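To be precise, the following lines are entry_33.cif, and they hold mmCIF, C-alpha atoms and all ligand atoms.
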```
data_coords
#
loop_
_atom_site.label_atom_id
_atom_site.label_comp_id
_atom_site.auth_asym_id
_atom_site.auth_seq_id
_atom_site.Cartn_x
_atom_site.Cartn_y
_atom_site.Cartn_z
CA MET K 141 12.66 7.21 -9.13
CA VAL K 142 9.40 5.97 -10.56
CA ALA K 143 5.85 5.75 -9.19
CA ILE K 144 3.30 3.62 -11.02
CA THR K 145 -0.28 4.78 -10.46
CA ARG K 146 -3.58 3.86 -12.06
CA GLU K 147 -6.45 6.16 -12.90
CA VAL K 148 -9.63 6.11 -10.82
CA SER K 149 -12.18 3.79 -12.46
CA SER K 150 -15.58 5.20 -13.42
CA ALA K 151 -16.92 2.24 -11.39
CA LEU K 152 -15.11 3.16 -8.13
CA ALA K 153 -18.45 3.31 -6.29
CA GLU K 154 -18.80 -0.47 -6.83
CA CYS K 155 -15.53 -1.15 -4.99
CA GLU K 156 -14.96 -4.04 -2.60
CA LEU K 157 -15.78 -3.15 1.01
CA THR K 158 -14.89 -5.25 4.05
CA HIS K 159 -15.00 -3.06 7.17
CA LEU K 160 -16.83 0.05 5.96
CA ARG K 161 -20.47 0.61 5.10
CA ARG K 162 -21.02 1.75 1.53
CA THR K 163 -21.47 5.53 1.31
CA ALA K 164 -21.75 7.74 -1.76
CA ILE K 165 -18.41 8.29 -3.50
CA ASP K 166 -17.89 11.34 -5.70
CA VAL K 167 -15.79 9.88 -8.53
CA GLU K 168 -14.84 13.29 -9.94
CA LEU K 169 -13.62 14.42 -6.52
CA ALA K 170 -11.75 11.12 -6.13
CA ARG K 171 -10.05 11.83 -9.48
CA ALA K 172 -9.09 15.34 -8.39
CA GLN K 173 -7.67 14.02 -5.10
CA HIS K 174 -5.80 11.31 -6.99
CA ARG K 175 -4.26 13.90 -9.32
CA ALA K 176 -3.13 15.92 -6.28
CA TYR K 177 -1.56 12.74 -4.87
CA GLU K 178 0.28 12.22 -8.18
CA ARG K 179 1.46 15.85 -8.03
CA ALA K 180 2.83 15.22 -4.55
CA LEU K 181 4.79 12.28 -5.99
CA SER K 182 6.12 14.40 -8.89
CA ASP K 183 7.06 17.21 -6.51
CA ALA K 184 9.11 14.69 -4.54
CA GLY K 185 11.03 13.77 -7.71
CA TYR K 186 9.17 10.67 -8.90
CA ALA K 187 8.33 10.10 -12.57
CA VAL K 188 4.66 9.13 -12.43
CA GLU K 189 3.57 6.41 -14.88
CA ARG K 190 -0.21 6.34 -14.81
CA LEU K 191 -1.94 3.25 -16.17
CA ALA K 192 -5.41 3.35 -17.68
CA SER K 193 -8.32 1.73 -15.86
CA GLY K 194 -11.74 0.43 -16.95
CA SER K 195 -15.31 0.09 -15.76
CA ASP K 196 -14.65 -3.63 -15.13
CA MET K 197 -12.11 -2.85 -12.39
CA PRO K 198 -13.60 -0.61 -9.66
CA ASP K 199 -10.61 -0.96 -7.30
CA SER K 200 -7.79 -0.60 -9.81
CA VAL K 201 -6.60 2.76 -8.41
CA PHE K 202 -5.27 0.73 -5.46
CA VAL K 203 -2.37 -0.48 -7.55
CA GLU K 204 -0.22 -1.43 -4.54
CA ASP K 205 -2.28 -4.60 -4.04
CA VAL K 206 -1.21 -6.10 -7.35
CA ALA K 207 2.56 -6.18 -6.80
CA VAL K 208 5.38 -6.00 -4.30
CA VAL K 209 8.38 -4.13 -5.69
CA LEU K 210 11.87 -4.72 -4.33
CA ASP K 211 15.22 -3.58 -5.68
CA GLU K 212 15.95 -6.98 -7.21
CA LEU K 213 12.55 -7.96 -8.60
CA ALA K 214 8.80 -7.43 -8.43
CA ILE K 215 6.39 -10.05 -7.17
CA VAL K 216 3.09 -9.96 -9.05
CA THR K 217 0.35 -10.92 -6.59
CA ARG K 218 -2.83 -12.94 -6.89
CA PRO K 219 -5.27 -10.55 -5.15
CA GLY K 220 -7.47 -12.01 -2.46
CA ALA K 221 -10.68 -10.54 -3.90
CA PRO K 222 -11.52 -12.40 -7.14
CA SER K 223 -13.00 -9.17 -8.59
CA ARG K 224 -9.52 -7.64 -8.51
CA ARG K 225 -7.62 -10.28 -10.49
CA VAL K 226 -8.53 -8.54 -13.76
CA GLU K 227 -6.18 -5.73 -12.62
CA VAL K 228 -3.09 -7.90 -12.79
CA PRO K 229 -2.01 -8.13 -16.47
CA ALA K 230 -1.60 -4.38 -17.13
CA VAL K 231 0.36 -3.87 -13.91
CA ALA K 232 2.65 -6.81 -14.70
CA ASP K 233 3.16 -5.40 -18.17
CA ALA K 234 4.18 -2.00 -16.79
CA LEU K 235 6.46 -3.51 -14.15
CA LYS K 236 8.40 -5.71 -16.53
CA ARG K 237 10.01 -2.58 -17.97
CA HIS K 238 11.53 -1.94 -14.53
CA ARG K 239 12.05 -5.29 -12.83
CA ARG K 240 12.37 -9.03 -13.32
CA LEU K 241 9.01 -10.53 -12.34
CA ALA K 242 8.03 -13.42 -10.06
CA PHE K 243 4.41 -14.57 -9.82
CA ILE K 244 2.24 -15.78 -6.94
CA GLU K 245 0.43 -18.95 -7.99
CA PRO K 246 -2.87 -20.53 -6.80
CA PRO K 247 -3.93 -21.52 -4.21
CA ALA K 248 -2.02 -18.60 -2.74
CA ILE K 249 -3.77 -15.23 -2.40
CA VAL K 250 -2.08 -12.01 -1.34
CA ASP K 251 -2.72 -8.28 -1.61
CA GLY K 252 0.32 -6.01 -1.72
CA GLY K 253 -1.29 -4.02 1.10
CA ASP K 254 -0.40 -6.97 3.33
CA VAL K 255 3.30 -6.83 2.51
CA LEU K 256 5.53 -4.40 4.40
CA VAL K 257 9.18 -4.28 3.34
CA CYS K 258 11.55 -2.92 6.01
CA GLY K 259 15.12 -3.24 4.80
CA ARG K 260 15.87 -6.97 4.48
CA THR K 261 12.81 -7.99 6.53
CA VAL K 262 9.50 -8.52 4.77
CA TYR K 263 6.41 -8.69 7.01
CA VAL K 264 3.37 -10.40 5.51
CA GLY K 265 -0.01 -9.87 7.16
CA ARG K 266 -2.34 -12.83 7.49
CA SER K 267 -5.69 -11.31 6.60
CA THR K 268 -8.87 -12.10 4.70
CA ARG K 269 -6.86 -11.25 1.54
CA THR K 270 -3.61 -13.12 2.26
CA ASN K 271 -3.12 -16.76 3.20
CA ASP K 272 -0.29 -18.92 4.53
CA GLU K 273 0.42 -20.38 1.10
CA ALA K 274 1.28 -16.86 -0.07
CA VAL K 275 3.64 -16.39 2.89
CA ALA K 276 5.38 -19.63 1.88
CA GLN K 277 5.65 -18.61 -1.79
CA ILE K 278 7.00 -15.15 -0.93
CA ARG K 279 9.55 -16.80 1.35
CA ARG K 280 10.64 -19.17 -1.43
CA ILE K 281 11.04 -16.25 -3.84
CA LEU K 282 12.88 -13.93 -1.45
CA ALA K 283 15.03 -16.20 0.74
CA PRO K 284 17.70 -16.65 -1.97
CA LEU K 285 17.97 -12.83 -2.13
CA GLY K 286 18.68 -12.61 1.60
CA TYR K 287 15.29 -11.42 2.83
CA ALA K 288 13.70 -12.75 6.02
CA VAL K 289 9.94 -13.19 5.61
CA CYS K 290 7.80 -12.96 8.79
CA ALA K 291 4.07 -13.65 8.99
CA VAL K 292 2.13 -11.21 11.17
CA THR K 293 -1.44 -11.49 12.46
CA VAL K 294 -3.65 -8.49 11.68
CA ARG K 295 -6.86 -7.58 13.57
CA HIS K 296 -9.89 -5.38 12.84
CA CYS K 297 -8.66 -4.02 9.51
CA LEU K 298 -8.24 -4.88 5.85
CA HIS K 299 -4.48 -5.13 5.43
CA LEU K 300 -1.24 -5.19 7.39
CA LYS K 301 -0.50 -1.69 6.11
CA SER K 302 -3.81 -0.51 7.60
CA ALA K 303 -2.13 -1.40 10.91
CA VAL K 304 1.52 -0.48 10.44
CA THR K 305 3.86 1.21 7.95
CA GLU K 306 7.49 2.28 7.99
CA VAL K 307 8.05 6.05 8.18
CA SER K 308 11.84 6.08 8.36
CA ALA K 309 14.52 3.39 8.48
CA GLY K 310 13.76 1.32 11.59
CA VAL K 311 10.83 3.53 12.63
CA LEU K 312 7.25 2.25 12.31
CA LEU K 313 3.90 4.00 12.64
CA ALA K 314 1.38 1.56 14.13
CA ASN K 315 -2.01 1.07 15.68
CA PRO K 316 -1.29 -1.39 18.52
CA ASP K 317 -4.93 -2.54 18.58
CA ARG K 318 -4.49 -3.94 15.07
CA VAL K 319 -1.08 -5.58 15.30
CA ASP K 320 1.22 -6.76 18.08
CA ARG K 321 4.29 -4.61 18.64
CA ALA K 322 6.31 -7.70 19.54
CA ALA K 323 6.17 -8.84 15.92
CA PHE K 324 8.52 -6.01 14.94
CA GLY K 325 11.46 -6.75 17.21
CA ALA K 326 13.68 -3.80 17.98
CA SER K 327 11.98 -1.28 15.67
CA GLU K 328 11.04 2.04 17.19
CA ILE K 329 7.24 2.39 17.08
CA ILE K 330 5.24 5.60 16.92
CA ASP K 331 1.64 4.92 17.95
CA VAL K 332 -1.18 6.56 16.03
CA HIS K 333 -3.16 9.08 18.06
CA PRO K 334 -5.83 7.12 20.02
CA GLY K 335 -8.61 9.07 18.31
CA GLU K 336 -7.29 8.18 14.82
CA ALA K 337 -7.52 4.40 14.50
CA SER K 338 -6.92 4.34 10.74
CA ALA K 339 -3.88 6.63 10.74
CA ALA K 340 -1.16 3.99 10.53
CA ASN K 341 -0.91 4.13 6.75
CA ALA K 342 1.80 6.58 5.66
CA LEU K 343 3.63 6.53 2.33
CA ARG K 344 7.37 6.78 2.84
CA LEU K 345 9.26 8.48 0.02
CA HIS K 346 13.02 9.07 -0.02
CA ASP K 347 12.84 12.37 1.87
CA ARG K 348 9.26 12.79 3.10
CA ILE K 349 6.05 11.10 4.14
CA ILE K 350 2.78 11.46 2.26
CA PHE K 351 -0.01 11.38 4.81
CA PRO K 352 -3.82 11.84 4.76
CA ALA K 353 -5.43 15.08 5.87
CA ALA K 354 -7.93 13.07 7.95
CA PHE K 355 -5.40 12.39 10.76
CA PRO K 356 -3.93 15.71 11.99
CA TRP K 357 -3.02 14.50 15.48
CA THR K 358 -0.96 11.61 14.17
CA ALA K 359 0.61 13.92 11.55
CA GLU K 360 1.74 16.08 14.44
CA ARG K 361 3.41 13.05 16.08
CA LEU K 362 5.31 12.40 12.84
CA ARG K 363 6.47 16.01 12.62
CA ALA K 364 7.50 15.96 16.26
CA ARG K 365 9.72 12.96 15.40
CA GLY K 366 11.47 15.18 12.84
CA LEU K 367 9.81 13.79 9.72
CA ARG K 368 8.79 15.92 6.75
CA VAL K 369 5.07 15.36 6.20
CA GLU K 370 3.17 16.27 3.02
CA ILE K 371 -0.58 16.20 3.52
CA VAL K 372 -3.02 15.01 0.84
CA ASP K 373 -6.81 14.84 1.00
CA ALA K 374 -7.85 11.24 0.34
CA SER K 375 -11.43 11.41 1.63
CA GLU K 376 -13.10 9.75 -1.38
CA LEU K 377 -10.55 6.95 -1.64
CA GLN K 378 -10.92 6.33 2.11
CA LYS K 379 -14.62 5.61 1.52
CA ALA K 380 -13.41 2.78 -0.73
CA GLU K 381 -11.12 1.53 2.10
CA GLY K 382 -8.08 2.95 0.37
CA ALA K 383 -5.25 4.93 1.91
CA VAL K 384 -2.01 6.51 0.71
CA THR K 385 0.35 3.57 0.24
CA CYS K 386 -2.17 1.73 -1.90
CA CYS K 387 -2.33 4.25 -4.72
CA SER K 388 1.21 3.77 -6.03
CA LEU K 389 4.05 1.34 -6.60
CA ILE K 390 7.25 3.18 -5.72
CA MET K 391 10.66 2.18 -7.03
CA SER K 392 14.14 3.43 -7.67
CA GLU K 393 15.43 2.85 -11.17
CA ARG K 394 18.15 0.22 -11.23
CA ILE K 395 21.60 1.53 -12.11
C1 LIG G 401 -10.42 -3.41 -1.65
O1 LIG G 401 -11.19 -3.80 -0.78
O2 LIG G 401 -9.68 -4.18 -2.25
C2 LIG G 401 -10.39 -1.94 -2.00
N1 LIG G 401 -11.71 -1.40 -1.88
C3 LIG G 401 -9.44 -1.20 -1.10
C4 LIG G 401 -8.02 -1.65 -1.24
C5 LIG G 401 -7.06 -0.79 -0.49
N2 LIG G 401 -5.75 -1.28 -0.63
C6 LIG G 401 -4.76 -1.01 0.19
O3 LIG G 401 -4.95 -0.31 1.16
N3 LIG G 401 -3.59 -1.56 -0.06
#
```
What is this structure when it is put down as structure tokens?
Ligand code: CIR
Amino acid sequence: MVAITREVSSALAECELTHLRRTAIDVELARAQHRAYERALSDAGYAVERLASGSDMPDSVFVEDVAVVLDELAIVTRPGAPSRRVEVPAVADALKRHRRLAFIEPPAIVDGGDVLVCGRTVYVGRSTRTNDEAVAQIRRILAPLGYAVCAVTVRHCLHLKSAVTEVSAGVLLANPDRVDRAAFGASEIIDVHPGEASAANALRLHDRIIFPAAFPWTAERLRARGLRVEIVDASELQKAEGAVTCCSLIMSERI
């Protein structure tokens, strides 16, 4: 199992912000938290491949937005924020050692944070970063592989995965104010704790969930459901509107 990550840019404080006010970010602390996150991935059995960053790419630590990795291929995105398109070539280069690549083409825009893969169903959030043309292109790429692609409307947050993630096969963690439950058919849904609106982003690994320290009440709900939860402190990355799924691209090596 492999996890691609990308180092925290020295320019992180100049990150894109959509829903949060800019507050001071301690880049050294962000780097320490990011290293702890990478250790949590290694402890879970993932070989971490960390890419270098640069001062021209403040948001590059959020590597999830640049690709969608499936067993059969990886889709290289065209990020919705123009400032982030400079991140694409190095991620595509790293991914081509693991997967065949498909590319999103203009006028489509999509951030990987808007793409939630649940078995053979791929949910794509319509957001300020992802448009209908991207939904259509993803559908064209994935339909021949047997995936159903469903567009989902997202409210009051940056990405679909700020509203809902999968924590176990067929089990979702969601904030129902940000996304309609009905979009997810028969899936079981665990609601975030009402006092923790941003707690729906959990990183599902093969045997555990990586989850932010900022949301203890929702973490308790996950444990009560029988899930193994590993807590990481992501406070500095949260100030940049990042969460836990966005800092890695997770994949199994093909046999
Ligand atoms: C951005 O606005 O693009 C970054 N500041 C945060 C991206 C977080 N990505 C994610 O949750 N998938």
Check which residues of chain K sit at most 9 Å from ligand LIG 401 (chain G) using all atoms listed in the file, and return one row each with the closest pair of atoms and their distance in Å to one decimal, ordered by chain and rising number, as a Markdown table.
```
| residue | atom | partner | partner_atom | distance |
| --- | --- | --- | --- | --- |
| K:Leu152 | CA | G:LIG401 | N1 | 8.5 |
| K:Glu154 | CA | G:LIG401 | N1 | 8.7 |
| K:Cys155 | CA | G:LIG401 | N1 | 4.9 |
| K:Glu156 | CA | G:LIG401 | O1 | 4.2 |
| K:Leu157 | CA | G:LIG401 | O1 | 5.0 |
| K:Thr158 | CA | G:LIG401 | O1 | 6.3 |
| K:His159 | CA | G:LIG401 | O1 | 8.8 |
| K:Pro198 | CA | G:LIG401 | N1 | 8.0 |
| K:Asp199 | CA | G:LIG401 | C2 | 5.4 |
| K:Ser200 | CA | G:LIG401 | C2 | 8.3 |
| K:Val201 | CA | G:LIG401 | C4 | 8.5 |
| K:Phe202 | CA | G:LIG401 | N2 | 5.3 |
| K:Val203 | CA | G:LIG401 | N3 | 7.7 |
| K:Glu204 | CA | G:LIG401 | N3 | 5.6 |
| K:Asp205 | CA | G:LIG401 | N3 | 5.2 |
| K:Val206 | CA | G:LIG401 | N3 | 8.9 |
| K:Pro219 | CA | G:LIG401 | O2 | 8.3 |
| K:Gly220 | CA | G:LIG401 | O2 | 8.1 |
| K:Ala221 | CA | G:LIG401 | O2 | 6.6 |
| K:Ser223 | CA | G:LIG401 | O2 | 8.7 |
| K:Arg224 | CA | G:LIG401 | O2 | 7.2 |
| K:Asp251 | CA | G:LIG401 | N3 | 7.0 |
| K:Gly252 | CA | G:LIG401 | N3 | 6.2 |
| K:Gly253 | CA | G:LIG401 | N3 | 3.6 |
| K:Asp254 | CA | G:LIG401 | N3 | 7.1 |
| K:Arg269 | CA | G:LIG401 | O2 | 8.5 |
| K:Leu298 | CA | G:LIG401 | O3 | 7.3 |
| K:His299 | CA | G:LIG401 | O3 | 6.5 |
| K:Leu300 | CA | G:LIG401 | N3 | 8.6 |
| K:Lys301 | CA | G:LIG401 | O3 | 6.8 |
| K:Ser302 | CA | G:LIG401 | O3 | 6.5 |
| K:Asn341 | CA | G:LIG401 | O3 | 8.2 |
| K:Leu377 | CA | G:LIG401 | C3 | 8.2 |
| K:Gln378 | CA | G:LIG401 | C3 | 8.3 |
| K:Lys379 | CA | G:LIG401 | N1 | 8.3 |
| K:Ala380 | CA | G:LIG401 | N1 | 4.7 |
| K:Glu381 | CA | G:LIG401 | C3 | 4.5 |
| K:Gly382 | CA | G:LIG401 | C5 | 4.0 |
| K:Ala383 | CA | G:LIG401 | O3 | 5.3 |
| K:Val384 | CA | G:LIG401 | O3 | 7.4 |
| K:Thr385 | CA | G:LIG401 | N3 | 6.5 |
| K:Cys386 | CA | G:LIG401 | N3 | 4.0 |
| K:Cys387 | CA | G:LIG401 | N3 | 7.6 |
```
- Counting all atoms listed in the file, the residue of K:Phe351, K:Tyr186, K:Tyr177, K:Phe324 that sits nearest Ala291 in chain K: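 Selected residue with least distance to Ala291 in chain K: K:Phe324.
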- Which neighbours of Leu313 in chain K fall inside 6 Å, counting all atoms listed in the file, when residues of the same chain fewer than 5 positions from it are skipped, and could you give them as a PyMOL selection string? chain K and resi 304-305+329-331+340
- Task: Considering only C-alpha atoms, state which residue in the set K:Ala283, K:Ala374, K:Leu213, K:Ile390 is at the smallest distance from Leu343 in chain K.
- Result: K:Ile390
- Query: Excluding same-chain residues fewer than 5 positions from Leu241 in chain K, what lies within 8 Å of it counting only C-alpha atoms, as a list in words?
  - Reply: Leu213, Ala214, Ile215, Val216, Ala232, Leu235 and Lys236 of chain K
- Task: With a distance cut-off of 9 Å and only C-alpha atoms, select the neighbouring residues of Asp196 in chain K, excluding the residue or stretch itself and same-chain residues fewer than 4 positions from it, and output the selection as a PyMOL selection string.
- Result: chain K and resi 149+151+223+226
Restricting it to C-alpha atoms, dump the selection as an mmCIF file, in the frame of the given file.
```cif
data_model
loop_
_atom_site.group_PDB
_atom_site.id
_atom_site.type_symbol
_atom_site.label_atom_id
_atom_site.label_comp_id
_atom_site.auth_asym_id
_atom_site.auth_seq_id
_atom_site.Cartn_x
_atom_site.Cartn_y
_atom_site.Cartn_z
ATOM 1 C CA SER K 149 -12.180 3.790 -12.460
ATOM 2 C CA ALA K 151 -16.920 2.240 -11.390
ATOM 3 C CA SER K 223 -13.000 -9.170 -8.590
ATOM 4 C CA VAL K 226 -8.530 -8.540 -13.760
#
```
- Query: Please, what distance in Å, to one decimal, runs between CA of Glu376 in chain K and CA of Ala170 in chain K?
  - Reply: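 Separation between CA of Glu376 in chain K and CA of Ala170 in chain K: 5.1 Å.
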- 8 Å contact set for Ile144 in chain K, all atoms listed in the file, chain neighbours under 3 positions out, as a list in words: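 Using all atoms listed in the file, the neighbours found are Val188, Glu189, Arg190, Leu191, Val203, Ser388, Leu389 and Ile390 of chain K.
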I need the chosen residues saved as a JSON list (two decimals), in the frame of the given file, with C-alpha atoms.
```json
[["chain", "number", "residue", "atom", "x", "y", "z"],
["K", 188, "VAL", "CA", 4.66, 9.13, -12.43],
["K", 189, "GLU", "CA", 3.57, 6.41, -14.88],
["K", 190, "ARG", "CA", -0.21, 6.34, -14.81],
["K", 191, "LEU", "CA", -1.94, 3.25, -16.17],
["K", 203, "VAL", "CA", -2.37, -0.48, -7.55],
["K", 388, "SER", "CA", 1.21, 3.77, -6.03],
["K", 389, "LEU", "CA", 4.05, 1.34, -6.60],
["K", 390, "ILE", "CA", 7.25, 3.18, -5.72]]
```
- Nearest to Val250 in chain K, chosen from K:Arg266, K:Arg279, K:Arg218, K:Arg237, with all atoms listed in the file counted in the distances: K:Arg218
- Query: What separation in Å, quoted to one decimal, exists between CA of Glu212 in chain K and CA of Thr145 in chain K?
  - Reply: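 CA of Thr145 in chain K lies 20.3 Å from CA of Glu212 in chain K.
Going from CA of Ala309 in chain K to CA of Val257 in chain K covers 10.7 Å.
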